[in-house]
Amino acid sequence: MRENPRYNGADLKHPGRFAKYFSIFFGLLFLLFTHPRFVGVDSPGMFANFQNSWQDFMFKRSGAALKPGDSRLTMVAMDVETGKKYGFPLPRKVFAPMLDKFKEMGVRVVIFDVMFFEPREGDAELAAATARFGKVVHLFAQDLQETSHGVVTATSLPVPALLKVSKYFGHPNIEDLIDNDGHIRRYSLFRQGAPDPFHPTMSAVSLEAATLAADQDKTIEQIHTESGDDIHSLNFRLPKTWAAHEKRDGGKKIANLDIVVSPYRRISLLDVLTGSLTAEQREALKGGIVIVGSTALGYYDHYPTPFVEQAPGAEFHLNAIDNALHNDAMRSPPRALTLLFVVLAVFLAYLFQTVSAGVGAGMAGLCIIAWIAFAAARFRYGFIVEFIPPTFAFAGAYGVLVMHRVMEESRERAKTKNLFGQFVSPAVVEKLISDPNQVKLGGEKREMTVFFLDIAHFTNISEKMDPEALILFLNKYLSRLSHLIHLRRGTIDKYIGDCIMAFWNAPLENPDHRVDAILAALDCQDAVADLNKTLDPSVPETPAVRIGINSGVVTVGLTGSEMKLQYTVIGDEVNLASRLEGANKFFGSRIVISEATYSGARDKVVVRTLGWVRVIGKETAIRIFEPIGRAGALGADWKGALPVYESAIAEFEAKNWVAALASFQKFAQLMPDDGPGQLYLRLSREYSVLPPDDAWKGVFNLRDK
């Protein structure tokens with residue numbers, strides 16, 4: 001069953017010129033917004049802040065999947081306890097014994113996140129200790145200054161004593177790449193302009209430290225040539241909890257004074273100078289890389305990370321060193337790839353308009369899920385996909401196109417009034433007009449209840465009546481029965497001679513479709529009894545109706561041609577409902593429902609068991625029932641007879657033929673004209689004398705339709 005474009009808005013194969021031209025215009029506009037040169041900000045264009053937030057979220061989401069910090073990296077903190085003893089700023093003479101102690105402990109590289117630009121007392125001691133240690137990296141700074149000759153680079157160098165003895169200088173590789181939200185997510189390895197004209201390329205402290213740790217005998221220019229791109233995204237490490245400073249009484253630990261959350265071990269400078277390090281800390285420092293930086297409030301630069309609200313700038317240097325040691329800084333795709341994703345996103349938004357709204361929404365959802373999964377997977381492998389621009393491009397284009405489609409289809413849905421007026425009550429039609437989204441005019445799978453009603457012995461009746469009287473009789477009965485079906489929110493599918501085919505749960509959803517169908521069947525039986533009280537004498541037989549009801553997943557929608565459409569249901573469950581209507585002939589019952597129908601109406605109706613049957617076209621046997629009344633409103637006759645009947649059925653199904661016979665005889669005394677009771681009474685009598693074959697499982701094979 002396919003959707004018919006005539007009643008489904010625009011032609012599904014041709015979304016229309018608006019969708020086409022809008023997609024082209026929107027795609028070009030989005031490319032401009034995404035390109036950083038157009039909006040005057042760095043990658044990824046006007047969506048940089050959103051992309052940065054997404055990047056932070058991905059680090060948090062990755063959690064335990066992240067690498068831990070390299071155990072060789074340690075931050076020696078100029079903390080509050082150190083300041084209490086030596087004062088702030090710390091006198092430079094304290095750094096000389098610190099370097100000597102590091103040398104004794106076997107520290108490999110020391111980086112100072114401290115600027116020694118102005119001469120002070122203790123410079124000579126620090127310079128001498130620097131010379132003794134060897135692999136010490138000191139900072140220099142560069143600032144852009146505007147002069148009458150234009151913008152020039154001003155370089156601040158360490159004091160002459162340090163310049164004379166130091167071999168390694170590095171620039172702070174993070175502070176100049178602070179994002180708008182105050183986060184540091186990237187670092188630079190090189191910078192043009194240098195402490196002296198013979199080395200025009202300068203490296204960051206992180207690269208200096210990593211090079212020294214690897215004992216590489218290379219010039220900065222050589223490293224620059226080999227490294228290529230000098231801007232890298234930090235691959236943040238998984239943080240841990242550390243005790244950075246301990247209060248001790250002699251050699252006994254009393255308490256942790258400073259608990260920090262960081263990927264890297266943090267040790268108080270005071271503990272280094274006083275020799276209060278633990279054996280574990282000494283072992284960690286041996287062969288390690290140390291950065292000396294401040295953590296005292298007001299004396300250090302601090303920035304947020306994806307994991308903590310603020311971390312000292314020295315920690316970012318350690319992170320950059322860690323990335324350099326392992327060569328695993330986060331990588332970003334070429335900008336051209338992001339622009340290609342933007343174009344693809346807009347194209348997909350347009351493409352999804354060529355299918356039904358439901359399918360398009362499902363495909364859009366799957367695309368979003370796949371895109372998120374792709375970005376997350378690439379992130380785990382060290383690639384930062386620019387997730388936000390293509391996502392916004394898709395959401396914006398898809399949203400506008402869907403809104404346009406809804407507006408177009410709203411005009412077509414108004415035609416449902418004329419179409420559905422043939423099938424459902426006027427009240428239902430009004431609901432469909434007020435909210436067309438409640439119905440899908442195309443074919444769809446849905447769980448429904450299907451109802452077949454047939455006038456018994458109609459062939460005999462029709463043969464003995466003249467045509468005019470027959471039509472009057474038929475219209476009178478079918479009109480009354482159809483009205484009752486509509487009152488119970490049923491949809492008339494079609495009239496087939498004396499048969500009414502109806503269904504529930506379409507076009508409007510009805511969670512109580514099973515209950516309504518069964519109550520409609522009981523209403524129809526009562527209505528026929530009432531109509532028969534004023535039966536025209538020309539009708540040769542007293543009419544009776546047989547009803548079959550089944551529930552299950554069927555296909556519902558419009559079928560036919562452009563000239564004539566029929567809103568109908570098709571599927572095996574529909575055929576089963578028709579077969580159950582015919583099963584009444586075998587059992588002598590009036591209404592037969594499947595267990596699938598009864599399962600959703602147990603609290604609303606009272607039924608009796610008819611048994612197990614296998615109908616034509618079905619290999620699997622099903623259990624069937626007959627409704628005999630509404631819950632709480634059962635007649636006095638059935639209140640006494642139903643327990644007897646159910647007990648008899650249980651004995652019959654247990655193949656206790658003699659006991660079943662006795663029970664059905666008792667039931668026959670209470671309900672002498674009951675069809676199923678008479679059937680089972682006859683079978684029990686026969687089987688008590690000559691039981692069926694042992695292979696018989698109590699299933700009746702119904703061959704008649």
# chains A, B, ... in the order shown; residues from 1 in each chain; ligands from 1
>>> residues_around(residues="A:Asp603", least_positions_apart="5", cutoff="12 Å", atoms="only C-alpha atoms", output="list in words")
Asp512, Arg514, Val515, Tyr598, Gly629, Arg630, Ala631 and Gly632 of chain A
>>> write_last_selection(atoms="all heavy atoms", output="PDB file, in the first residue's frame")
ATOM      1  N   ASP A 512      -8.106   2.098  23.771  1.00  0.00           N
ATOM      2  CA  ASP A 512      -9.103   1.107  24.202  1.00  0.00           C
ATOM      3  C   ASP A 512      -9.803   0.465  23.019  1.00  0.00           C
ATOM      4  O   ASP A 512     -10.991   0.127  23.090  1.00  0.00           O
ATOM      5  CB  ASP A 512     -10.135   1.781  25.115  1.00  0.00           C
ATOM      6  CG  ASP A 512      -9.530   2.311  26.398  1.00  0.00           C
ATOM      7  OD1 ASP A 512      -8.630   1.639  26.932  1.00  0.00           O
ATOM      8  OD2 ASP A 512      -9.945   3.384  26.859  1.00  0.00           O
ATOM      9  N   ARG A 514      -9.679  -2.466  21.669  1.00  0.00           N
ATOM     10  CA  ARG A 514     -10.216  -3.814  21.895  1.00  0.00           C
ATOM     11  C   ARG A 514     -11.534  -3.749  22.656  1.00  0.00           C
ATOM     12  O   ARG A 514     -12.513  -4.432  22.304  1.00  0.00           O
ATOM     13  CB  ARG A 514      -9.197  -4.651  22.662  1.00  0.00           C
ATOM     14  CG  ARG A 514      -7.888  -4.912  21.917  1.00  0.00           C
ATOM     15  CD  ARG A 514      -6.919  -5.654  22.808  1.00  0.00           C
ATOM     16  NE  ARG A 514      -5.662  -5.969  22.144  1.00  0.00           N
ATOM     17  CZ  ARG A 514      -4.638  -5.141  22.057  1.00  0.00           C
ATOM     18  NH1 ARG A 514      -4.733  -3.929  22.596  1.00  0.00           N
ATOM     19  NH2 ARG A 514      -3.529  -5.498  21.441  1.00  0.00           N
ATOM     20  N   VAL A 515     -11.562  -2.949  23.714  1.00  0.00           N
ATOM     21  CA  VAL A 515     -12.776  -2.826  24.527  1.00  0.00           C
ATOM     22  C   VAL A 515     -13.918  -2.264  23.693  1.00  0.00           C
ATOM     23  O   VAL A 515     -15.042  -2.792  23.721  1.00  0.00           O
ATOM     24  CB  VAL A 515     -12.504  -1.920  25.745  1.00  0.00           C
ATOM     25  CG1 VAL A 515     -13.785  -1.692  26.535  1.00  0.00           C
ATOM     26  CG2 VAL A 515     -11.443  -2.537  26.634  1.00  0.00           C
ATOM     27  N   TYR A 598      -9.062 -10.291  23.523  1.00  0.00           N
ATOM     28  CA  TYR A 598      -9.502 -10.411  24.913  1.00  0.00           C
ATOM     29  C   TYR A 598      -8.439  -9.919  25.883  1.00  0.00           C
ATOM     30  O   TYR A 598      -8.755  -9.375  26.944  1.00  0.00           O
ATOM     31  CB  TYR A 598      -9.873 -11.865  25.206  1.00  0.00           C
ATOM     32  CG  TYR A 598     -10.277 -12.123  26.631  1.00  0.00           C
ATOM     33  CD1 TYR A 598     -11.224 -11.315  27.262  1.00  0.00           C
ATOM     34  CD2 TYR A 598      -9.715 -13.161  27.359  1.00  0.00           C
ATOM     35  CE1 TYR A 598     -11.602 -11.543  28.576  1.00  0.00           C
ATOM     36  CE2 TYR A 598     -10.083 -13.400  28.672  1.00  0.00           C
ATOM     37  CZ  TYR A 598     -11.022 -12.583  29.280  1.00  0.00           C
ATOM     38  OH  TYR A 598     -11.387 -12.816  30.584  1.00  0.00           O
ATOM     39  N   GLY A 629     -21.186 -10.437  28.157  1.00  0.00           N
ATOM     40  CA  GLY A 629     -21.714  -9.286  28.871  1.00  0.00           C
ATOM     41  C   GLY A 629     -20.623  -8.340  29.305  1.00  0.00           C
ATOM     42  O   GLY A 629     -19.434  -8.627  29.194  1.00  0.00           O
ATOM     43  N   ARG A 630     -21.058  -7.204  29.807  1.00  0.00           N
ATOM     44  CA  ARG A 630     -20.132  -6.201  30.320  1.00  0.00           C
ATOM     45  C   ARG A 630     -19.751  -6.545  31.752  1.00  0.00           C
ATOM     46  O   ARG A 630     -20.552  -7.098  32.507  1.00  0.00           O
ATOM     47  CB  ARG A 630     -20.763  -4.817  30.254  1.00  0.00           C
ATOM     48  CG  ARG A 630     -21.060  -4.361  28.839  1.00  0.00           C
ATOM     49  CD  ARG A 630     -22.095  -3.244  28.809  1.00  0.00           C
ATOM     50  NE  ARG A 630     -22.390  -2.814  27.446  1.00  0.00           N
ATOM     51  CZ  ARG A 630     -23.179  -3.461  26.610  1.00  0.00           C
ATOM     52  NH1 ARG A 630     -23.757  -4.599  26.983  1.00  0.00           N
ATOM     53  NH2 ARG A 630     -23.401  -2.986  25.404  1.00  0.00           N
ATOM     54  N   ALA A 631     -18.548  -6.180  32.134  1.00  0.00           N
ATOM     55  CA  ALA A 631     -18.108  -6.440  33.502  1.00  0.00           C
ATOM     56  C   ALA A 631     -18.999  -5.680  34.480  1.00  0.00           C
ATOM     57  O   ALA A 631     -19.291  -4.505  34.301  1.00  0.00           O
ATOM     58  CB  ALA A 631     -16.657  -5.994  33.674  1.00  0.00           C
ATOM     59  N   GLY A 632     -19.478  -6.393  35.494  1.00  0.00           N
ATOM     60  CA  GLY A 632     -20.342  -5.783  36.497  1.00  0.00           C
ATOM     61  C   GLY A 632     -21.795  -5.691  36.086  1.00  0.00           C
ATOM     62  O   GLY A 632     -22.611  -5.164  36.846  1.00  0.00           O
TER      63      GLY A 632
END
>>> residues_around(residues="A:Phe47", least_positions_apart="4", cutoff="8 Å", atoms="only C-alpha atoms", output="PyMOL selection string")
chain A and resi 34+51+388-389
>>> residues_around(residues="A:Pro263", least_positions_apart="3", cutoff="8 Å", atoms="only C-alpha atoms", output="ChimeraX atom specification")
/A:68-69,237-240
>>> residues_around(residues="A:Asn701", least_positions_apart="5", cutoff="9 Å", atoms="only C-alpha atoms", output="NGL selection string")
:A and (612-616 or 621)
>>> closest_residue(among="A:Glu121, A:Glu581, A:Glu573, A:Glu309", to="A:Arg446", atoms="only C-alpha atoms")
A:Glu573
>>> select_by_dssp(residues="stretch 308-414 of chain A", states="alpha helix (DSSP H)", output="PyMOL selection string")
chain A and resi 313-326+335-351+357-380+388-413
